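The structure file upload_27.tsv is reproduced below (TSV, N, CA and C atoms).
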chain	number	residue	atom	x	y	z
A	1	MET	N	40.88	73.68	4.37
A	1	MET	CA	42.07	74.43	4.07
A	1	MET	C	42.14	74.80	2.58
A	2	ARG	N	41.74	73.85	1.72
A	2	ARG	CA	41.77	74.13	0.28
A	2	ARG	C	40.80	75.23	-0.09
A	3	SER	N	39.63	75.25	0.52
A	3	SER	CA	38.66	76.29	0.19
A	3	SER	C	39.16	77.67	0.60
A	4	ILE	N	39.91	77.75	1.68
A	4	ILE	CA	40.49	79.03	2.10
A	4	ILE	C	41.51	79.49	1.06
A	5	LEU	N	42.32	78.58	0.56
A	5	LEU	CA	43.30	78.94	-0.47
A	5	LEU	C	42.62	79.38	-1.76
A	6	LYS	N	41.55	78.71	-2.13
A	6	LYS	CA	40.81	79.10	-3.34
A	6	LYS	C	40.23	80.50	-3.19
A	7	VAL	N	39.64	80.77	-2.04
A	7	VAL	CA	39.06	82.09	-1.79
A	7	VAL	C	40.15	83.15	-1.81
A	8	ALA	N	41.29	82.86	-1.20
A	8	ALA	CA	42.40	83.82	-1.19
A	8	ALA	C	42.92	84.07	-2.60
A	9	ALA	N	43.02	83.03	-3.41
A	9	ALA	CA	43.49	83.18	-4.79
A	9	ALA	C	42.52	84.03	-5.60
A	10	LEU	N	41.23	83.76	-5.45
A	10	LEU	CA	40.22	84.55	-6.17
A	10	LEU	C	40.26	86.02	-5.73
A	11	ALA	N	40.41	86.24	-4.44
A	11	ALA	CA	40.48	87.61	-3.93
A	11	ALA	C	41.69	88.33	-4.53
A	12	GLY	N	42.81	87.63	-4.66
A	12	GLY	CA	44.00	88.23	-5.26
A	12	GLY	C	43.79	88.58	-6.71
A	13	ILE	N	43.13	87.72	-7.44
A	13	ILE	CA	42.86	87.98	-8.85
A	13	ILE	C	41.95	89.19	-9.01
A	14	PHE	N	40.89	89.24	-8.22
A	14	PHE	CA	39.97	90.38	-8.31
A	14	PHE	C	40.64	91.68	-7.87
A	15	ALA	N	41.52	91.60	-6.90
A	15	ALA	CA	42.24	92.79	-6.46
A	15	ALA	C	43.14	93.31	-7.58
A	16	ALA	N	43.79	92.40	-8.28
A	16	ALA	CA	44.66	92.81	-9.39
A	16	ALA	C	43.84	93.45	-10.51
A	17	LEU	N	42.69	92.89	-10.81
A	17	LEU	CA	41.83	93.45	-11.85
A	17	LEU	C	41.28	94.81	-11.43
A	18	ALA	N	41.03	94.98	-10.16
A	18	ALA	CA	40.48	96.25	-9.68
A	18	ALA	C	41.51	97.37	-9.79
A	19	CYS	N	42.78	97.04	-9.83
A	19	CYS	CA	43.84	98.04	-9.92
A	19	CYS	C	44.13	98.45	-11.37
A	20	ALA	N	43.46	97.86	-12.31
A	20	ALA	CA	43.70	98.16	-13.71
A	20	ALA	C	43.36	99.61	-14.02
A	21	GLU	N	44.18	100.20	-14.87
A	21	GLU	CA	43.97	101.58	-15.31
A	21	GLU	C	43.71	101.57	-16.81
A	22	THR	N	43.23	102.69	-17.31
A	22	THR	CA	42.98	102.83	-18.74
A	22	THR	C	43.71	104.06	-19.25
A	23	TRP	N	44.40	103.90	-20.37
A	23	TRP	CA	45.10	105.00	-21.03
A	23	TRP	C	44.56	105.15	-22.43
A	24	ASN	N	44.32	106.38	-22.84
A	24	ASN	CA	43.90	106.70	-24.21
A	24	ASN	C	44.98	107.59	-24.81
A	25	GLY	N	45.47	107.21	-25.97
A	25	GLY	CA	46.51	108.03	-26.58
A	25	GLY	C	46.88	107.53	-27.96
A	26	ARG	N	47.96	108.09	-28.46
A	26	ARG	CA	48.45	107.78	-29.80
A	26	ARG	C	49.34	106.54	-29.73
A	27	LEU	N	49.06	105.57	-30.58
A	27	LEU	CA	49.84	104.34	-30.65
A	27	LEU	C	51.11	104.62	-31.44
A	28	LEU	N	52.25	104.15	-30.93
A	28	LEU	CA	53.55	104.41	-31.54
A	28	LEU	C	54.32	103.12	-31.79
A	29	ASP	N	55.29	103.20	-32.69
A	29	ASP	CA	56.26	102.13	-32.93
A	29	ASP	C	57.37	102.31	-31.88
A	30	ALA	N	57.46	101.40	-30.91
A	30	ALA	CA	58.39	101.55	-29.79
A	30	ALA	C	59.85	101.49	-30.25
A	31	SER	N	60.18	100.66	-31.23
A	31	SER	CA	61.57	100.59	-31.67
A	31	SER	C	61.99	101.89	-32.36
A	32	CYS	N	61.09	102.50	-33.09
A	32	CYS	CA	61.36	103.81	-33.71
A	32	CYS	C	61.55	104.87	-32.63
A	33	VAL	N	60.72	104.85	-31.61
A	33	VAL	CA	60.84	105.82	-30.51
A	33	VAL	C	62.20	105.66	-29.85
A	34	ASP	N	62.64	104.41	-29.62
A	34	ASP	CA	63.95	104.18	-29.01
A	34	ASP	C	65.09	104.70	-29.88
A	35	GLN	N	65.00	104.51	-31.19
A	35	GLN	CA	66.06	104.94	-32.10
A	35	GLN	C	66.08	106.45	-32.30
A	36	GLN	N	64.91	107.04	-32.51
A	36	GLN	CA	64.84	108.46	-32.86
A	36	GLN	C	64.60	109.38	-31.67
A	37	LYS	N	64.26	108.80	-30.53
A	37	LYS	CA	63.95	109.60	-29.33
A	37	LYS	C	62.88	110.64	-29.65
A	38	SER	N	61.88	110.21	-30.42
A	38	SER	CA	60.82	111.10	-30.88
A	38	SER	C	59.47	110.42	-30.73
A	39	ALA	N	58.44	111.23	-30.49
A	39	ALA	CA	57.09	110.70	-30.39
A	39	ALA	C	56.37	110.75	-31.73
A	40	ALA	N	57.11	110.91	-32.82
A	40	ALA	CA	56.51	110.99	-34.15
A	40	ALA	C	56.73	109.70	-34.92
A	41	CYS	N	56.56	108.57	-34.27
A	41	CYS	CA	56.83	107.26	-34.87
A	41	CYS	C	55.54	106.46	-34.99
A	42	ASP	N	54.81	106.69	-36.06
A	42	ASP	CA	53.57	105.96	-36.28
A	42	ASP	C	53.87	104.50	-36.61
A	43	PRO	N	53.05	103.57	-36.14
A	43	PRO	CA	53.27	102.16	-36.45
A	43	PRO	C	52.92	101.84	-37.89
A	44	SER	N	53.54	100.78	-38.41
A	44	SER	CA	53.23	100.29	-39.75
A	44	SER	C	52.79	98.85	-39.62
A	45	SER	N	52.52	98.22	-40.75
A	45	SER	CA	52.10	96.82	-40.72
A	45	SER	C	53.24	95.91	-40.27
A	46	ALA	N	54.48	96.40	-40.29
A	46	ALA	CA	55.63	95.61	-39.86
A	46	ALA	C	55.98	95.82	-38.39
A	47	THR	N	55.31	96.71	-37.71
A	47	THR	CA	55.61	97.01	-36.31
A	47	THR	C	55.26	95.83	-35.42
A	48	VAL	N	56.19	95.51	-34.50
A	48	VAL	CA	55.94	94.41	-33.57
A	48	VAL	C	56.08	94.83	-32.11
A	49	THR	N	56.65	96.01	-31.85
A	49	THR	CA	56.73	96.54	-30.49
A	49	THR	C	56.07	97.91	-30.47
A	50	PHE	N	55.21	98.11	-29.48
A	50	PHE	CA	54.39	99.31	-29.43
A	50	PHE	C	54.57	100.09	-28.14
A	51	ALA	N	54.20	101.35	-28.22
A	51	ALA	CA	54.14	102.23	-27.07
A	51	ALA	C	52.90	103.10	-27.25
A	52	ILE	N	52.50	103.76	-26.18
A	52	ILE	CA	51.36	104.67	-26.26
A	52	ILE	C	51.78	106.02	-25.68
A	53	ASN	N	51.45	107.08	-26.42
A	53	ASN	CA	51.76	108.44	-25.99
A	53	ASN	C	50.49	109.03	-25.37
A	54	VAL	N	50.55	109.25	-24.07
A	54	VAL	CA	49.42	109.80	-23.33
A	54	VAL	C	49.84	111.16	-22.79
A	55	SER	N	49.35	112.22	-23.41
A	55	SER	CA	49.64	113.59	-22.99
A	55	SER	C	51.14	113.85	-22.86
A	56	GLY	N	51.90	113.37	-23.84
A	56	GLY	CA	53.34	113.61	-23.86
A	56	GLY	C	54.18	112.60	-23.10
A	57	LYS	N	53.56	111.72	-22.36
A	57	LYS	CA	54.26	110.67	-21.62
A	57	LYS	C	54.15	109.37	-22.41
A	58	ILE	N	55.29	108.71	-22.65
A	58	ILE	CA	55.31	107.50	-23.47
A	58	ILE	C	55.48	106.28	-22.58
A	59	TYR	N	54.55	105.32	-22.74
A	59	TYR	CA	54.58	104.06	-22.01
A	59	TYR	C	54.72	102.93	-23.03
A	60	LYS	N	55.66	102.02	-22.80
A	60	LYS	CA	55.80	100.86	-23.67
A	60	LYS	C	54.81	99.79	-23.25
A	61	LEU	N	54.43	98.93	-24.19
A	61	LEU	CA	53.54	97.82	-23.91
A	61	LEU	C	54.38	96.57	-23.66
A	62	ASP	N	53.89	95.68	-22.81
A	62	ASP	CA	54.58	94.42	-22.56
A	62	ASP	C	54.44	93.49	-23.76
A	63	ASP	N	55.11	92.33	-23.70
A	63	ASP	CA	55.09	91.40	-24.84
A	63	ASP	C	53.68	90.96	-25.21
A	64	ALA	N	52.87	90.64	-24.20
A	64	ALA	CA	51.49	90.23	-24.47
A	64	ALA	C	50.71	91.40	-25.09
A	65	GLY	N	50.96	92.61	-24.63
A	65	GLY	CA	50.31	93.79	-25.18
A	65	GLY	C	50.71	94.04	-26.62
A	66	ASN	N	51.99	93.78	-26.94
A	66	ASN	CA	52.44	93.93	-28.33
A	66	ASN	C	51.69	92.97	-29.24
A	67	ALA	N	51.53	91.73	-28.78
A	67	ALA	CA	50.80	90.73	-29.59
A	67	ALA	C	49.34	91.14	-29.75
A	68	LYS	N	48.73	91.66	-28.68
A	68	LYS	CA	47.33	92.10	-28.75
A	68	LYS	C	47.20	93.30	-29.69
A	69	ALA	N	48.19	94.19	-29.68
A	69	ALA	CA	48.15	95.36	-30.57
A	69	ALA	C	48.24	94.94	-32.03
A	70	VAL	N	49.13	93.98	-32.33
A	70	VAL	CA	49.25	93.48	-33.71
A	70	VAL	C	47.90	92.93	-34.17
A	71	GLU	N	47.26	92.12	-33.33
A	71	GLU	CA	45.96	91.54	-33.69
A	71	GLU	C	44.89	92.62	-33.85
A	72	ALA	N	44.90	93.62	-32.97
A	72	ALA	CA	43.91	94.70	-33.06
A	72	ALA	C	44.09	95.51	-34.34
A	73	ILE	N	45.33	95.73	-34.73
A	73	ILE	CA	45.60	96.48	-35.96
A	73	ILE	C	45.15	95.67	-37.18
A	74	LYS	N	45.42	94.36	-37.16
A	74	LYS	CA	44.96	93.51	-38.26
A	74	LYS	C	43.44	93.54	-38.37
A	75	ALA	N	42.77	93.43	-37.23
A	75	ALA	CA	41.30	93.44	-37.22
A	75	ALA	C	40.78	94.79	-37.69
A	76	ARG	N	41.44	95.86	-37.30
A	76	ARG	CA	41.04	97.21	-37.72
A	76	ARG	C	41.18	97.35	-39.23
A	77	GLY	N	42.26	96.82	-39.78
A	77	GLY	CA	42.50	96.91	-41.22
A	77	GLY	C	41.48	96.13	-42.02
A	78	GLN	N	41.05	95.00	-41.49
A	78	GLN	CA	40.07	94.18	-42.20
A	78	GLN	C	38.68	94.82	-42.15
A	79	SER	N	38.36	95.52	-41.07
A	79	SER	CA	37.02	96.09	-40.94
A	79	SER	C	36.92	97.49	-41.53
A	80	ALA	N	38.06	98.12	-41.84
A	80	ALA	CA	38.04	99.51	-42.30
A	80	ALA	C	38.37	99.63	-43.78
A	81	LYS	N	37.96	98.69	-44.58
A	81	LYS	CA	38.21	98.78	-46.01
A	81	LYS	C	37.33	99.86	-46.61
A	82	GLU	N	37.98	100.82	-47.27
A	82	GLU	CA	37.25	101.95	-47.84
A	82	GLU	C	36.81	101.65	-49.27
A	83	PRO	N	35.62	102.12	-49.64
A	83	PRO	CA	35.22	101.99	-51.04
A	83	PRO	C	36.06	102.93	-51.89
A	84	LYS	N	36.36	102.50	-53.10
A	84	LYS	CA	37.18	103.33	-53.98
A	84	LYS	C	36.32	104.37	-54.67
A	85	ALA	N	36.74	105.61	-54.55
A	85	ALA	CA	36.06	106.72	-55.20
A	85	ALA	C	36.87	107.12	-56.43
A	86	PRO	N	36.21	107.61	-57.49
A	86	PRO	CA	36.94	107.97	-58.71
A	86	PRO	C	38.02	109.02	-58.47
A	87	GLU	N	37.76	110.00	-57.60
A	87	GLU	CA	38.75	111.04	-57.37
A	87	GLU	C	39.61	110.78	-56.14
A	88	ALA	N	39.61	109.55	-55.67
A	88	ALA	CA	40.40	109.22	-54.49
A	88	ALA	C	41.88	109.38	-54.78
A	89	LYS	N	42.62	109.78	-53.76
A	89	LYS	CA	44.06	109.93	-53.94
A	89	LYS	C	44.71	108.55	-54.03
A	90	GLU	N	45.98	108.53	-54.35
A	90	GLU	CA	46.70	107.28	-54.53
A	90	GLU	C	46.56	106.41	-53.28
A	91	PRO	N	46.36	105.11	-53.45
A	91	PRO	CA	46.27	104.24	-52.30
A	91	PRO	C	47.61	104.16	-51.58
A	92	ALA	N	47.54	104.02	-50.28
A	92	ALA	CA	48.75	103.92	-49.48
A	92	ALA	C	49.41	102.57	-49.73
A	93	SER	N	50.71	102.54	-49.60
A	93	SER	CA	51.41	101.27	-49.75
A	93	SER	C	51.11	100.39	-48.56
A	94	PRO	N	51.24	99.07	-48.69
A	94	PRO	CA	50.88	98.16	-47.61
A	94	PRO	C	51.59	98.45	-46.31
A	95	GLY	N	52.81	98.96	-46.33
A	95	GLY	CA	53.55	99.22	-45.11
A	95	GLY	C	53.46	100.66	-44.65
A	96	ALA	N	52.61	101.46	-45.27
A	96	ALA	CA	52.54	102.88	-44.94
A	96	ALA	C	52.02	103.11	-43.53
A	97	ALA	N	52.60	104.09	-42.89
A	97	ALA	CA	52.22	104.41	-41.52
A	97	ALA	C	50.99	105.30	-41.51
A	98	ALA	N	50.20	105.16	-40.48
A	98	ALA	CA	49.03	106.00	-40.29
A	98	ALA	C	48.87	106.27	-38.80
A	99	THR	N	48.43	107.48	-38.46
A	99	THR	CA	48.24	107.80	-37.07
A	99	THR	C	47.09	106.97	-36.50
A	100	MET	N	47.34	106.32	-35.38
A	100	MET	CA	46.33	105.49	-34.73
A	100	MET	C	46.24	105.86	-33.27
A	101	THR	N	45.03	105.85	-32.76
A	101	THR	CA	44.86	106.01	-31.33
A	101	THR	C	44.43	104.67	-30.74
A	102	ALA	N	44.66	104.54	-29.45
A	102	ALA	CA	44.34	103.27	-28.80
A	102	ALA	C	43.85	103.53	-27.38
A	103	LYS	N	43.03	102.61	-26.93
A	103	LYS	CA	42.57	102.59	-25.54
A	103	LYS	C	43.16	101.33	-24.93
A	104	VAL	N	44.06	101.50	-23.97
A	104	VAL	CA	44.77	100.39	-23.36
A	104	VAL	C	44.35	100.26	-21.91
A	105	THR	N	43.98	99.06	-21.50
A	105	THR	CA	43.64	98.77	-20.11
A	105	THR	C	44.67	97.80	-19.57
A	106	GLY	N	45.20	98.11	-18.39
A	106	GLY	CA	46.20	97.25	-17.78
A	106	GLY	C	46.76	97.87	-16.52
A	107	THR	N	47.92	97.38	-16.12
A	107	THR	CA	48.58	97.90	-14.93
A	107	THR	C	49.96	98.40	-15.31
A	108	LEU	N	50.39	99.47	-14.67
A	108	LEU	CA	51.67	100.08	-14.96
A	108	LEU	C	52.73	99.49	-14.05
A	109	GLU	N	53.80	99.00	-14.66
A	109	GLU	CA	54.95	98.47	-13.93
A	109	GLU	C	56.17	99.24	-14.40
A	110	GLY	N	56.53	100.30	-13.69
A	110	GLY	CA	57.61	101.19	-14.11
A	110	GLY	C	57.14	102.02	-15.29
A	111	GLU	N	57.78	101.84	-16.43
A	111	GLU	CA	57.42	102.55	-17.66
A	111	GLU	C	56.74	101.62	-18.66
A	112	VAL	N	56.39	100.41	-18.22
A	112	VAL	CA	55.80	99.41	-19.10
A	112	VAL	C	54.38	99.09	-18.63
A	113	VAL	N	53.44	99.07	-19.58
A	113	VAL	CA	52.05	98.72	-19.27
A	113	VAL	C	51.88	97.22	-19.50
A	114	LYS	N	51.44	96.54	-18.45
A	114	LYS	CA	51.09	95.12	-18.58
A	114	LYS	C	49.65	95.12	-19.07
A	115	VAL	N	49.46	94.84	-20.35
A	115	VAL	CA	48.19	95.03	-21.05
A	115	VAL	C	47.21	93.88	-20.78
A	116	GLU	N	46.00	94.29	-20.39
A	116	GLU	CA	44.89	93.34	-20.27
A	116	GLU	C	44.06	93.35	-21.54
A	117	SER	N	43.82	94.56	-22.07
A	117	SER	CA	43.07	94.67	-23.33
A	117	SER	C	43.50	95.94	-24.05
A	118	ILE	N	43.30	95.93	-25.38
A	118	ILE	CA	43.62	97.08	-26.20
A	118	ILE	C	42.59	97.20	-27.30
A	119	GLN	N	42.18	98.45	-27.55
A	119	GLN	CA	41.27	98.74	-28.66
A	119	GLN	C	41.94	99.81	-29.51
A	120	VAL	N	42.15	99.48	-30.79
A	120	VAL	CA	42.77	100.42	-31.72
A	120	VAL	C	41.69	101.12	-32.51
A	121	GLN	N	41.76	102.44	-32.58
A	121	GLN	CA	40.75	103.22	-33.28
A	121	GLN	C	41.35	103.89	-34.49
Show me the file's structure as structure tokens.
Amino acid sequence: MRSILKVAALAGIFAALACAETWNGRLLDASCVDQQKSAACDPSSATVTFAINVSGKIYKLDDAGNAKAVEAIKARGQSAKEPKAPEAKEPASPGAAATMTAKVTGTLEGEVVKVESIQVQ
């Protein structure tokens, strides 16, 4: 009986993973989107809630997805340090916003994406 339950549980997990979708789009600050009702809300280093704009449709990320997005942005910032050029323009302030795109994999529950993985580009 236990082996049947184990097999059924594994089948359920694989079925859930098979239903995962992938969205590619512009990463947004979800709280800014809520306040301004605009898709022109780029995230900053202080952003803690995110959404993704896919062809004009905005999907919010779940709590786990928000945490994964914060980590992905931190990792992106550490790996994308630019060398300073003599004629380079003024450096951006630490909280300055920048347009970011993301590839989000997960399942859609209403208007919220339950995030399995996120890659920030």
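If only C-alpha atoms are the atoms counted, then among A:Thr101, A:Ser31, A:Ser117, A:Thr47 the closest residue to Lys60 in chain A is A:Ser31.
Surrounding residues of (48.1, 105.2, -17.1) at most 8 Å away are Ala20, Glu21, Thr22, Trp23, Asn24, Val54, Val104, Gly106, Thr107, Leu108 and Val113 of chain A (based on all atoms listed in the file).
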Item to check | For range 70-74 of chain A: contacts at 8 Å, only N, CA and C atoms, fewer than 3 positions along chain excluded, given as an MDAnalysis selection string | outcome: chainID A and resid 45 47:50 64:67 77:80 118:121
Would you mind exporting the chosen residues as a short mmCIF file (atom, residue, chain, number, x, y, z; two decimals), in the coordinates of the input, restricted to N, CA and C atoms?
data_model
loop_
_atom_site.label_atom_id
_atom_site.label_comp_id
_atom_site.auth_asym_id
_atom_site.auth_seq_id
_atom_site.Cartn_x
_atom_site.Cartn_y
_atom_site.Cartn_z
N SER A 45 52.52 98.22 -40.75
CA SER A 45 52.10 96.82 -40.72
C SER A 45 53.24 95.91 -40.27
N THR A 47 55.31 96.71 -37.71
CA THR A 47 55.61 97.01 -36.31
C THR A 47 55.26 95.83 -35.42
N VAL A 48 56.19 95.51 -34.50
CA VAL A 48 55.94 94.41 -33.57
C VAL A 48 56.08 94.83 -32.11
N THR A 49 56.65 96.01 -31.85
CA THR A 49 56.73 96.54 -30.49
C THR A 49 56.07 97.91 -30.47
N PHE A 50 55.21 98.11 -29.48
CA PHE A 50 54.39 99.31 -29.43
C PHE A 50 54.57 100.09 -28.14
N ALA A 64 52.87 90.64 -24.20
CA ALA A 64 51.49 90.23 -24.47
C ALA A 64 50.71 91.40 -25.09
N GLY A 65 50.96 92.61 -24.63
CA GLY A 65 50.31 93.79 -25.18
C GLY A 65 50.71 94.04 -26.62
N ASN A 66 51.99 93.78 -26.94
CA ASN A 66 52.44 93.93 -28.33
C ASN A 66 51.69 92.97 -29.24
N ALA A 67 51.53 91.73 -28.78
CA ALA A 67 50.80 90.73 -29.59
C ALA A 67 49.34 91.14 -29.75
N GLY A 77 42.26 96.82 -39.78
CA GLY A 77 42.50 96.91 -41.22
C GLY A 77 41.48 96.13 -42.02
N GLN A 78 41.05 95.00 -41.49
CA GLN A 78 40.07 94.18 -42.20
C GLN A 78 38.68 94.82 -42.15
N SER A 79 38.36 95.52 -41.07
CA SER A 79 37.02 96.09 -40.94
C SER A 79 36.92 97.49 -41.53
N ALA A 80 38.06 98.12 -41.84
CA ALA A 80 38.04 99.51 -42.30
C ALA A 80 38.37 99.63 -43.78
N ILE A 118 43.30 95.93 -25.38
CA ILE A 118 43.62 97.08 -26.20
C ILE A 118 42.59 97.20 -27.30
N GLN A 119 42.18 98.45 -27.55
CA GLN A 119 41.27 98.74 -28.66
C GLN A 119 41.94 99.81 -29.51
N VAL A 120 42.15 99.48 -30.79
CA VAL A 120 42.77 100.42 -31.72
C VAL A 120 41.69 101.12 -32.51
N GLN A 121 41.76 102.44 -32.58
CA GLN A 121 40.75 103.22 -33.28
C GLN A 121 41.35 103.89 -34.49
#
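Among A:Ile4, A:Cys19, A:Ala46, A:Ile52, the residue with the shortest atom-to-atom distance to Met100 in chain A, counting only C-alpha atoms, is A:Ile52.
Counting only C-alpha atoms and comparing A:Lys68, A:Lys57, A:Arg2, A:Arg76, the residue that lies closest to Arg26 in chain A is A:Lys57.
Across the model, the gap from CA of Ser38 in chain A to CA of Lys114 in chain A is 22.4 Å.
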Checklist entry - How far is it from atom N of Asp62 in chain A to CA of Ala9 in chain A, in Å with one decimal? => result 24.3 Å
Next on the checklist: I need the strand (DSSP E or B) residues of range 6-80 of chain A per DSSP on the backbone, written as a PyMOL selection string.
Outcome noted: chain A and resi 21-29+50-54+57-61
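Pairwise distance (atom C of Thr105 in chain A, atom N of Val7 in chain A) equals 25.0 Å.
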Next on the checklist: I'd like to know which of A:Gly25, A:Met1, A:Ala102, A:Glu111 is closest to Ser55 in chain A, using only N, CA and C atoms.
Outcome noted: A:Gly25
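In terms of minimum interatomic distance to Asp63 in chain A, A:Val115 ranks closest within A:Ala8, A:Leu27, A:Ala40, A:Val115, counting only C-alpha atoms.
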